[in-house]
file target36.pdb (PDB, C-alpha atoms)
ATOM      1  CA  MET A  14      46.601   3.167  41.556
ATOM      2  CA  ALA A  15      47.590   4.847  38.278
ATOM      3  CA  LEU A  16      45.625   3.440  35.347
ATOM      4  CA  ARG A  17      46.203   3.469  31.603
ATOM      5  CA  VAL A  18      42.948   4.778  30.106
ATOM      6  CA  ALA A  19      42.007   4.913  26.408
ATOM      7  CA  VAL A  20      39.046   7.116  25.508
ATOM      8  CA  GLN A  21      37.066   6.188  22.394
ATOM      9  CA  MET A  22      35.252   9.397  21.555
ATOM     10  CA  ASP A  23      34.299  11.929  18.911
ATOM     11  CA  PRO A  24      37.030  14.438  17.955
ATOM     12  CA  ILE A  25      38.121  16.172  21.160
ATOM     13  CA  GLU A  26      38.705  19.411  19.262
ATOM     14  CA  SER A  27      34.963  19.829  18.673
ATOM     15  CA  ILE A  28      33.565  19.261  22.176
ATOM     16  CA  ASP A  29      31.966  21.899  24.413
ATOM     17  CA  ILE A  30      34.178  21.801  27.497
ATOM     18  CA  ASN A  31      31.406  23.343  29.632
ATOM     19  CA  ALA A  32      28.903  20.597  28.802
ATOM     20  CA  ASP A  33      30.719  17.471  27.692
ATOM     21  CA  SER A  34      30.585  14.604  30.211
ATOM     22  CA  THR A  35      33.531  12.792  28.622
ATOM     23  CA  PHE A  36      35.684  15.864  29.228
ATOM     24  CA  ALA A  37      34.660  15.859  32.899
ATOM     25  CA  LEU A  38      35.601  12.172  33.147
ATOM     26  CA  MET A  39      38.975  12.849  31.534
ATOM     27  CA  LEU A  40      39.757  15.758  33.872
ATOM     28  CA  GLU A  41      38.960  13.605  36.901
ATOM     29  CA  ALA A  42      41.028  10.683  35.604
ATOM     30  CA  GLN A  43      43.982  12.972  35.049
ATOM     31  CA  ALA A  44      43.599  14.515  38.528
ATOM     32  CA  ARG A  45      43.875  10.987  39.963
ATOM     33  CA  GLY A  46      47.145  10.369  38.162
ATOM     34  CA  HIS A  47      45.742   8.162  35.402
ATOM     35  CA  ARG A  48      47.340   8.374  31.941
ATOM     36  CA  LEU A  49      45.039   9.125  29.015
ATOM     37  CA  TRP A  50      44.996   8.183  25.324
ATOM     38  CA  HIS A  51      42.489   9.496  22.769
ATOM     39  CA  TYR A  52      41.277   7.758  19.591
ATOM     40  CA  HIS A  53      38.361   7.803  17.150
ATOM     41  CA  VAL A  54      36.205   4.737  16.625
ATOM     42  CA  ARG A  55      37.070   4.738  12.899
ATOM     43  CA  ASN A  56      40.703   4.054  13.890
ATOM     44  CA  LEU A  57      39.773   0.911  15.837
ATOM     45  CA  ALA A  58      41.216  -2.332  14.388
ATOM     46  CA  LEU A  59      41.037  -6.078  15.049
ATOM     47  CA  HIS A  60      43.824  -8.273  13.619
ATOM     48  CA  GLY A  61      44.722 -11.775  14.719
ATOM     49  CA  GLY A  62      42.763 -11.386  17.941
ATOM     50  CA  ARG A  63      44.627  -8.193  18.830
ATOM     51  CA  VAL A  64      42.639  -4.960  19.256
ATOM     52  CA  THR A  65      44.440  -1.735  18.428
ATOM     53  CA  ALA A  66      43.668   1.867  17.550
ATOM     54  CA  LEU A  67      45.633   4.732  16.050
ATOM     55  CA  GLY A  68      45.548   7.560  18.553
ATOM     56  CA  GLU A  69      47.520   9.851  20.794
ATOM     57  CA  PRO A  70      48.477  10.298  24.428
ATOM     58  CA  VAL A  71      46.477  13.306  25.595
ATOM     59  CA  THR A  72      46.399  15.783  28.447
ATOM     60  CA  VAL A  73      43.376  17.996  29.105
ATOM     61  CA  GLU A  74      42.706  21.262  30.905
ATOM     62  CA  ARG A  75      39.706  23.543  31.266
ATOM     63  CA  LYS A  76      41.023  26.195  28.931
ATOM     64  CA  HIS A  77      38.871  27.372  26.029
ATOM     65  CA  GLY A  78      40.506  26.833  22.664
ATOM     66  CA  ALA A  79      43.393  24.897  24.194
ATOM     67  CA  HIS A  80      41.639  22.201  26.198
ATOM     68  CA  TRP A  81      43.733  19.308  24.876
ATOM     69  CA  SER A  82      47.330  18.535  24.023
ATOM     70  CA  PHE A  83      48.384  15.472  22.024
ATOM     71  CA  GLY A  84      51.595  13.505  22.147
ATOM     72  CA  PRO A  85      52.909  11.729  19.021
ATOM     73  CA  ARG A  86      50.395   9.515  17.195
ATOM     74  CA  GLU A  87      50.926   5.833  17.887
ATOM     75  CA  GLU A  88      49.310   2.422  17.609
ATOM     76  CA  ILE A  89      47.580   1.841  20.944
ATOM     77  CA  ASP A  90      47.341  -1.767  22.120
ATOM     78  CA  LEU A  91      43.912  -1.640  23.760
ATOM     79  CA  GLY A  92      44.457  -5.067  25.274
ATOM     80  CA  GLY A  93      47.291  -3.514  27.254
ATOM     81  CA  MET A  94      45.125  -0.737  28.672
ATOM     82  CA  ASP A  95      43.510  -0.938  32.095
ATOM     83  CA  VAL A  96      40.317   0.864  31.011
ATOM     84  CA  VAL A  97      38.606   1.840  27.759
ATOM     85  CA  LEU A  98      35.859   4.454  27.945
ATOM     86  CA  MET A  99      33.411   3.878  25.072
ATOM     87  CA  ARG A 100      32.159   7.440  24.746
ATOM     88  CA  GLN A 101      31.468   8.192  21.068
ATOM     89  CA  ASP A 102      28.018   9.626  20.448
ATOM     90  CA  PRO A 103      25.306   7.547  18.787
ATOM     91  CA  PRO A 104      23.516   6.958  16.386
ATOM     92  CA  PHE A 105      23.385   3.343  17.458
ATOM     93  CA  ASP A 106      24.022   1.960  13.995
ATOM     94  CA  MET A 107      26.000  -0.961  12.582
ATOM     95  CA  ALA A 108      29.271   0.953  13.066
ATOM     96  CA  TYR A 109      28.440   1.349  16.763
ATOM     97  CA  ILE A 110      27.458  -2.309  17.053
ATOM     98  CA  THR A 111      30.658  -3.416  15.292
ATOM     99  CA  ALA A 112      32.734  -1.417  17.796
ATOM    100  CA  THR A 113      31.087  -3.333  20.657
ATOM    101  CA  HIS A 114      31.977  -6.652  18.984
ATOM    102  CA  ILE A 115      35.605  -5.592  18.590
ATOM    103  CA  LEU A 116      35.924  -4.298  22.167
ATOM    104  CA  GLU A 117      34.385  -7.508  23.470
ATOM    105  CA  HIS A 118      37.700  -9.208  22.525
ATOM    106  CA  ILE A 119      39.494  -7.322  25.324
ATOM    107  CA  HIS A 120      36.781  -7.034  27.999
ATOM    108  CA  PRO A 121      36.918  -7.678  30.958
ATOM    109  CA  LYS A 122      40.731  -8.045  31.074
ATOM    110  CA  THR A 123      40.669  -4.461  29.896
ATOM    111  CA  LEU A 124      37.632  -2.953  31.603
ATOM    112  CA  VAL A 125      35.373  -1.415  28.947
ATOM    113  CA  VAL A 126      32.891   1.128  30.302
ATOM    114  CA  ASN A 127      30.113   0.359  29.727
ATOM    115  CA  ASP A 128      30.334  -3.426  29.127
ATOM    116  CA  PRO A 129      30.290  -3.664  25.283
ATOM    117  CA  ALA A 130      28.035  -6.730  25.070
ATOM    118  CA  SER A 131      25.538  -5.110  27.418
ATOM    119  CA  VAL A 132      25.626  -1.855  25.427
ATOM    120  CA  ARG A 133      24.930  -3.812  22.254
ATOM    121  CA  ASN A 134      22.011  -5.616  23.891
ATOM    122  CA  ALA A 135      20.483  -2.506  25.460
ATOM    123  CA  PRO A 136      19.692   0.144  22.827
ATOM    124  CA  GLU A 137      18.003   3.055  24.585
ATOM    125  CA  LYS A 138      14.493   2.807  23.177
ATOM    126  CA  LEU A 139      14.343  -1.017  23.229
ATOM    127  CA  TYR A 140      15.966  -1.914  26.538
ATOM    128  CA  VAL A 141      13.443   0.258  28.358
ATOM    129  CA  THR A 142      10.623  -1.956  27.037
ATOM    130  CA  HIS A 143      11.735  -4.670  29.483
ATOM    131  CA  PHE A 144      10.100  -2.492  32.150
ATOM    132  CA  PRO A 145       6.635  -1.875  30.613
ATOM    133  CA  GLU A 146       5.056  -1.215  34.011
ATOM    134  CA  LEU A 147       7.275   1.880  34.333
ATOM    135  CA  MET A 148       6.635   3.307  30.844
ATOM    136  CA  PRO A 149       3.931   5.303  29.079
ATOM    137  CA  GLU A 150       2.018   3.074  26.664
ATOM    138  CA  THR A 151       4.419   2.363  23.789
ATOM    139  CA  LEU A 152       4.257   0.644  20.399
ATOM    140  CA  VAL A 153       7.357  -0.483  18.456
ATOM    141  CA  THR A 154       6.486  -1.426  14.878
ATOM    142  CA  ALA A 155       6.899  -0.658  11.175
ATOM    143  CA  ASP A 156       3.313  -1.739  10.475
ATOM    144  CA  ARG A 157       1.221   1.231   9.328
ATOM    145  CA  GLY A 158      -2.072  -0.357  10.379
ATOM    146  CA  GLN A 159      -0.938  -0.859  13.980
ATOM    147  CA  ILE A 160       0.386   2.701  14.096
ATOM    148  CA  MET A 161      -2.985   4.044  12.942
ATOM    149  CA  LYS A 162      -4.860   1.975  15.550
ATOM    150  CA  PHE A 163      -2.557   3.284  18.291
ATOM    151  CA  ARG A 164      -3.211   6.836  17.090
ATOM    152  CA  GLU A 165      -6.974   6.242  17.060
ATOM    153  CA  LYS A 166      -6.811   4.992  20.650
ATOM    154  CA  HIS A 167      -4.624   7.729  22.117
ATOM    155  CA  GLY A 168      -5.007  10.713  19.765
ATOM    156  CA  ASP A 169      -2.071  12.621  21.229
ATOM    157  CA  ILE A 170       1.159  10.758  20.400
ATOM    158  CA  ILE A 171       4.919  10.989  19.983
ATOM    159  CA  ILE A 172       6.551   9.299  16.984
ATOM    160  CA  LYS A 173      10.314   8.850  16.740
ATOM    161  CA  PRO A 174      12.977   6.684  15.072
ATOM    162  CA  LEU A 175      14.016   3.603  17.019
ATOM    163  CA  PHE A 176      17.755   4.279  16.874
ATOM    164  CA  GLY A 177      17.806   8.078  16.761
ATOM    165  CA  ASN A 178      19.550  10.219  19.328
ATOM    166  CA  GLY A 179      19.589  13.751  20.681
ATOM    167  CA  GLY A 180      15.924  14.325  19.880
ATOM    168  CA  ALA A 181      16.472  13.991  16.121
ATOM    169  CA  GLY A 182      13.329  12.968  14.254
ATOM    170  CA  VAL A 183      11.010  13.256  17.264
ATOM    171  CA  PHE A 184       7.514  14.501  16.391
ATOM    172  CA  HIS A 185       4.536  15.364  18.594
ATOM    173  CA  LEU A 186       1.257  14.758  16.769
ATOM    174  CA  LYS A 187      -1.771  16.300  18.430
ATOM    175  CA  PRO A 188      -5.329  15.036  17.818
ATOM    176  CA  GLY A 189      -6.425  16.147  14.378
ATOM    177  CA  ASP A 190      -2.893  16.547  13.020
ATOM    178  CA  SER A 191      -2.980  15.213   9.445
ATOM    179  CA  ASN A 192       0.757  14.579   9.069
ATOM    180  CA  LEU A 193       0.970  11.027  10.435
ATOM    181  CA  ASN A 194       0.745   9.251   7.064
ATOM    182  CA  SER A 195       3.402  11.521   5.580
ATOM    183  CA  LEU A 196       5.719  10.996   8.547
ATOM    184  CA  VAL A 197       5.362   7.212   8.402
ATOM    185  CA  GLU A 198       6.091   7.316   4.661
ATOM    186  CA  MET A 199       9.154   9.488   5.233
ATOM    187  CA  PHE A 200      10.560   7.220   7.940
ATOM    188  CA  THR A 201       9.880   3.965   6.075
ATOM    189  CA  GLU A 202      11.404   5.281   2.836
ATOM    190  CA  ARG A 203      14.618   6.163   4.682
ATOM    191  CA  SER A 204      14.912   3.007   6.784
ATOM    192  CA  ARG A 205      13.516  -0.487   7.297
ATOM    193  CA  GLU A 206      13.718  -0.086  11.069
ATOM    194  CA  PRO A 207      10.555   0.005  13.190
ATOM    195  CA  LEU A 208       9.345   3.243  14.741
ATOM    196  CA  VAL A 209       8.565   4.071  18.354
ATOM    197  CA  ILE A 210       5.097   5.472  18.988
ATOM    198  CA  GLN A 211       4.238   6.599  22.506
ATOM    199  CA  LYS A 212       1.254   8.063  24.249
ATOM    200  CA  TYR A 213       2.056  11.749  24.778
ATOM    201  CA  VAL A 214       2.764  12.660  28.393
ATOM    202  CA  PRO A 215       1.666  16.313  28.911
ATOM    203  CA  ALA A 216       3.933  16.574  31.973
ATOM    204  CA  VAL A 217       6.865  17.012  29.564
ATOM    205  CA  ARG A 218       6.019  20.729  29.603
ATOM    206  CA  GLN A 219       7.246  20.708  33.234
ATOM    207  CA  GLY A 220      10.392  18.896  32.151
ATOM    208  CA  ASP A 221      12.115  15.674  31.147
ATOM    209  CA  LYS A 222      14.265  14.546  34.059
ATOM    210  CA  ARG A 223      17.716  13.069  33.375
ATOM    211  CA  ILE A 224      18.784  10.854  36.298
ATOM    212  CA  ILE A 225      22.345   9.545  36.537
ATOM    213  CA  LEU A 226      22.920   6.082  37.989
ATOM    214  CA  VAL A 227      26.427   4.964  38.899
ATOM    215  CA  ASP A 228      26.846   1.202  39.259
ATOM    216  CA  GLY A 229      23.068   0.903  39.630
ATOM    217  CA  VAL A 230      22.571   3.673  42.214
ATOM    218  CA  ALA A 231      20.861   7.016  41.467
ATOM    219  CA  LEU A 232      23.260   9.794  42.477
ATOM    220  CA  GLY A 233      22.046  12.945  40.732
ATOM    221  CA  ALA A 234      19.577  14.517  38.318
ATOM    222  CA  ILE A 235      18.697  17.574  36.284
ATOM    223  CA  ASN A 236      15.360  18.629  34.852
ATOM    224  CA  ARG A 237      15.294  19.688  31.192
ATOM    225  CA  VAL A 238      12.409  21.968  30.233
ATOM    226  CA  PRO A 239      11.463  22.257  26.541
ATOM    227  CA  ALA A 240      11.599  25.662  24.889
ATOM    228  CA  GLU A 241       8.289  27.333  24.024
ATOM    229  CA  GLY A 242       6.803  25.676  20.949
ATOM    230  CA  GLU A 243       9.254  22.747  21.125
ATOM    231  CA  ALA A 244       8.271  19.141  21.950
ATOM    232  CA  ARG A 245      11.848  18.073  22.723
ATOM    233  CA  SER A 246      13.705  18.828  25.930
ATOM    234  CA  ASN A 247      17.232  17.997  24.741
ATOM    235  CA  MET A 248      19.569  20.807  25.743
ATOM    236  CA  HIS A 249      21.218  21.155  22.342
ATOM    237  CA  VAL A 250      17.807  22.003  20.815
ATOM    238  CA  GLY A 251      16.993  24.646  23.403
ATOM    239  CA  GLY A 252      15.954  22.642  26.475
ATOM    240  CA  ARG A 253      16.602  24.594  29.672
ATOM    241  CA  PRO A 254      18.370  22.688  32.476
ATOM    242  CA  GLU A 255      17.012  23.208  35.997
ATOM    243  CA  ARG A 256      17.975  22.032  39.430
ATOM    244  CA  THR A 257      15.790  19.186  40.698
ATOM    245  CA  THR A 258      15.366  16.415  43.243
ATOM    246  CA  LEU A 259      13.943  12.912  42.891
ATOM    247  CA  THR A 260      10.310  12.193  43.651
ATOM    248  CA  GLU A 261       9.242   9.041  45.463
ATOM    249  CA  ARG A 262       8.086   7.581  42.135
ATOM    250  CA  GLU A 263      11.457   8.323  40.515
ATOM    251  CA  GLN A 264      13.254   6.684  43.419
ATOM    252  CA  GLU A 265      11.043   3.618  42.907
ATOM    253  CA  ILE A 266      11.969   3.517  39.193
ATOM    254  CA  CYS A 267      15.686   3.678  40.008
ATOM    255  CA  ALA A 268      15.361   0.979  42.680
ATOM    256  CA  ARG A 269      13.565  -1.241  40.170
ATOM    257  CA  ILE A 270      16.097  -0.968  37.344
ATOM    258  CA  GLY A 271      19.327  -0.283  39.264
ATOM    259  CA  PRO A 272      20.195  -3.879  40.225
ATOM    260  CA  GLU A 273      19.761  -5.037  36.620
ATOM    261  CA  LEU A 274      22.010  -2.241  35.324
ATOM    262  CA  LYS A 275      24.699  -3.219  37.836
ATOM    263  CA  ARG A 276      24.378  -6.905  36.920
ATOM    264  CA  ARG A 277      24.941  -6.039  33.260
ATOM    265  CA  GLY A 278      28.107  -4.033  33.956
ATOM    266  CA  MET A 279      26.531  -0.648  33.270
ATOM    267  CA  ILE A 280      28.644   1.685  35.403
ATOM    268  CA  PHE A 281      27.440   5.013  33.945
ATOM    269  CA  VAL A 282      23.784   5.245  32.864
ATOM    270  CA  GLY A 283      21.409   8.148  32.294
ATOM    271  CA  ILE A 284      17.675   7.491  32.379
ATOM    272  CA  ASP A 285      14.905   9.844  31.237
ATOM    273  CA  VAL A 286      11.703  10.213  33.251
ATOM    274  CA  ILE A 287       8.663  12.313  32.287
ATOM    275  CA  GLY A 288       5.736  12.709  34.655
ATOM    276  CA  GLY A 289       6.679   9.595  36.582
ATOM    277  CA  TYR A 290       7.143   7.484  33.435
ATOM    278  CA  LEU A 291      10.449   5.964  32.334
ATOM    279  CA  THR A 292      10.998   6.799  28.645
ATOM    280  CA  GLU A 293      14.643   5.891  27.885
ATOM    281  CA  ILE A 294      17.650   4.137  29.435
ATOM    282  CA  ASN A 295      20.788   5.721  27.964
ATOM    283  CA  VAL A 296      23.813   3.405  28.117
ATOM    284  CA  THR A 297      25.845   4.394  25.047
ATOM    285  CA  SER A 298      27.223   7.843  25.924
ATOM    286  CA  PRO A 299      25.138   9.436  28.695
ATOM    287  CA  THR A 300      25.481  13.126  29.493
ATOM    288  CA  GLY A 301      24.534  15.492  32.313
ATOM    289  CA  LEU A 302      27.557  15.417  34.630
ATOM    290  CA  GLN A 303      28.568  19.053  34.254
ATOM    291  CA  GLU A 304      25.025  20.392  34.584
ATOM    292  CA  ILE A 305      24.502  18.449  37.827
ATOM    293  CA  ALA A 306      27.825  19.771  39.149
ATOM    294  CA  ARG A 307      26.800  23.364  38.426
ATOM    295  CA  PHE A 308      23.417  23.043  40.142
ATOM    296  CA  ASP A 309      24.257  20.782  43.073
ATOM    297  CA  GLY A 310      28.024  21.024  43.468
ATOM    298  CA  VAL A 311      28.184  17.225  43.145
ATOM    299  CA  HIS A 312      30.841  15.881  40.788
ATOM    300  CA  LEU A 313      29.529  12.477  39.752
ATOM    301  CA  GLU A 314      32.640  11.823  37.681
ATOM    302  CA  LYS A 315      34.320  11.147  41.044
ATOM    303  CA  ALA A 316      31.772   8.432  41.850
ATOM    304  CA  ILE A 317      32.178   6.947  38.361
ATOM    305  CA  TRP A 318      35.951   6.713  38.766
ATOM    306  CA  ASP A 319      35.528   5.292  42.265
ATOM    307  CA  ALA A 320      33.395   2.526  40.726
ATOM    308  CA  ILE A 321      35.868   1.922  37.879
ATOM    309  CA  GLU A 322      38.827   1.736  40.258
ATOM    310  CA  ALA A 323      36.949  -0.635  42.565
ATOM    311  CA  LYS A 324      36.289  -2.978  39.624
ATOM    312  CA  ARG A 325      39.948  -2.832  38.587
ATOM    313  CA  ARG A 326      40.859  -3.863  42.138
ATOM    314  CA  GLY A 327      38.420  -6.758  41.844
ATOM    315  CA  GLY A 328      35.850  -5.192  44.184
TER     316      GLY A 328
END

call {"tool": "encode", "arguments": {"input": "target36.pdb", "output": "structure tokens"}}
result
Amino acid sequence: MALRVAVQMDPIESIDINADSTFALMLEAQARGHRLWHYHVRNLALHGGRVTALGEPVTVERKHGAHWSFGPREEIDLGGMDVVLMRQDPPFDMAYITATHILEHIHPKTLVVNDPASVRNAPEKLYVTHFPELMPETLVTADRGQIMKFREKHGDIIIKPLFGNGGAGVFHLKPGDSNLNSLVEMFTERSREPLVIQKYVPAVRQGDKRIILVDGVALGAINRVPAEGEARSNMHVGGRPERTTLTEREQEICARIGPELKRRGMIFVGIDVIGGYLTEINVTSPTGLQEIARFDGVHLEKAIWDAIEAKRRGG
């Protein structure tokens, strides 16, 4: 079953072909005989109920410096595609939200992965709060007084922006650290959005586990260990990926949230677990496929395309 697949992503020229999960998905799609188109979210358009984008047919190969080849630029009728992969990186801002509204005009006739309405309703650091029994104690607020009370109670805390991504703006404040007032001022001057304040989980020094769920089922994971002197485990800020397996507690977390992810049309999801606590549910543009393949020899992009093809067949 050859599919017509449009990939909404950041510029393909700039990706790291040894780490990018979208690239792995594109290679697998191409190997299955699917035809690929590439476009940027800024070239998305809605006119008279018709959703289009300026983009190009594309072929990909694992060849450094020449990993893509474009055909002539054209207006892509996204309503005529079989699948749209919504894979641009956050931040989850109004531009991101607007893209979900536009793509909702074509879904599910054109299968958008992940479901755009569900993506819009499940920002990483808010959707996870629907499972408070799985989380470290967490406060979401812009109120300085409540933040100070939380700090007085827990002492050792993490403070981060609600709609940040990639570890940007994440601070670990140890007991006695005098920077909290300044940080709150800085955040509130830059944005009216609430902040996320969490009880610090010391187990992060042993790693922040990224678990990949495909259609609600946990199929692979990597552990990301922060660099010395760094509170964040994100790989692009020096986190070291390690091979790992799931603990019984992590399996329980996945079993608890998996059915709800599947019900919401979330085919490809990456969750973050630290010390047995669920900290984020990543639905916008999850990563980790290539790292899992290197450690375990398991290519989860195959399972993702199996799930997509099953949905296109009505399964």

call {"tool": "resolve_selection", "arguments": {"input": "target36.pdb", "expression": "the PyMOL selection byres ((chain A and resi 64) around 8)", "output": "list of chain:residue names"}}
result
A:Leu57, A:Ala58, A:Leu59, A:His60, A:Gly62, A:Arg63, A:Thr65, A:Ala66, A:Asp90, A:Leu91, A:Gly92, A:Ile115, A:Leu116, A:His118, A:Ile119

call {"tool": "resolve_selection", "arguments": {"input": "target36.pdb", "expression": "the PyMOL selection byres ((chain A and resi 312) around 10)", "output": "list in words"}}
result
Ala37, Leu38, Glu41, Leu232, Gly233, Leu302, Gln303, Glu304, Ile305, Ala306, Arg307, Asp309, Gly310, Val311, Leu313, Glu314, Lys315, Ala316 and Ile317 of chain A

call {"tool": "atom_distance", "arguments": {"input": "target36.pdb", "atom1": "CA of Ser298 (chain A)", "atom2": "CA of Lys173 (chain A)"}}
result
19.3 Å

call {"tool": "atom_distance", "arguments": {"input": "target36.pdb", "atom1": "CA of Val296 (chain A)", "atom2": "CA of Val20 (chain A)"}}
result
15.9 Å

call {"tool": "residues_near_point", "arguments": {"input": "target36.pdb", "point": "(4.2, 16.2, 17.4)", "cutoff": "12 Å", "atoms": "all atoms listed in the file", "output": "ChimeraX atom specification"}}
result
/A:164,168-173,182-193,196,210-215,242-245

call {"tool": "residues_near_point", "arguments": {"input": "target36.pdb", "point": "(38.0, 3.9, 37.6)", "cutoff": "12 Å", "atoms": "only C-alpha atoms", "output": "NGL selection string"}}
result
:A and (14-19 or 38-39 or 41-43 or 45-48 or 95-98 or 123-127 or 227-228 or 280-281 or 314-328)

call {"tool": "residues_around", "arguments": {"input": "target36.pdb", "residues": "Pro103 (chain A)", "least_positions_apart": "3", "cutoff": "12 Å", "atoms": "only C-alpha atoms", "output": "number ranges by chain"}}
result
A: 22-23, 54, 99-100, 106-110, 112, 132-133, 136-137, 176-181, 295-299

call {"tool": "residues_around", "arguments": {"input": "target36.pdb", "residues": "Glu206 (chain A)", "least_positions_apart": "4", "cutoff": "9 Å", "atoms": "all atoms listed in the file", "output": "ChimeraX atom specification"}}
result
/A:154-155,174-176,200-201

call {"tool": "write_last_selection", "arguments": {"input": "target36.pdb", "atoms": "C-alpha atoms", "output": "PDB file, in the frame of the given file"}}
result
ATOM      1  CA  THR A 154       6.486  -1.426  14.878  1.00  0.00           C
ATOM      2  CA  ALA A 155       6.899  -0.658  11.175  1.00  0.00           C
ATOM      3  CA  PRO A 174      12.977   6.684  15.072  1.00  0.00           C
ATOM      4  CA  LEU A 175      14.016   3.603  17.019  1.00  0.00           C
ATOM      5  CA  PHE A 176      17.755   4.279  16.874  1.00  0.00           C
ATOM      6  CA  PHE A 200      10.560   7.220   7.940  1.00  0.00           C
ATOM      7  CA  THR A 201       9.880   3.965   6.075  1.00  0.00           C
TER       8      THR A 201
END

call {"tool": "atom_distance", "arguments": {"input": "target36.pdb", "atom1": "CA of Ile25 (chain A)", "atom2": "CA of Ala135 (chain A)"}}
result
26.0 Å

call {"tool": "closest_residue", "arguments": {"input": "target36.pdb", "among": "A:Glu26, A:Asp128, A:Glu88, A:Glu241", "to": "Lys275 (chain A)", "atoms": "all atoms listed in the file"}}
result
A:Asp128

call {"tool": "resolve_selection", "arguments": {"input": "target36.pdb", "expression": "the PyMOL selection byres ((chain A and resi 225) around 7)", "output": "list in words"}}
result
Arg223, Ile224, Leu226, Val227, Ala231, Leu232, Gly233, Ala234, Val282, Gly283 and Ile284 of chain A

call {"tool": "closest_residue", "arguments": {"input": "target36.pdb", "among": "A:Arg277, A:Pro145, A:Leu291, A:Glu150", "to": "Val217 (chain A)", "atoms": "only C-alpha atoms"}}
result
A:Leu291

call {"tool": "closest_residue", "arguments": {"input": "target36.pdb", "among": "A:Pro149, A:Pro129, A:Gly288, A:Pro254", "to": "Ala32 (chain A)", "atoms": "only C-alpha atoms"}}
result
A:Pro254

call {"tool": "axis_aligned_box", "arguments": {"input": "target36.pdb", "around": "region 157-163 of chain A", "padding_each_side": "6 Å", "output": "AutoDock Vina command-line options"}}
result
--center_x -1.8 --center_y 1.6 --center_z 13.8 --size_x 18.1 --size_y 16.9 --size_z 21.0
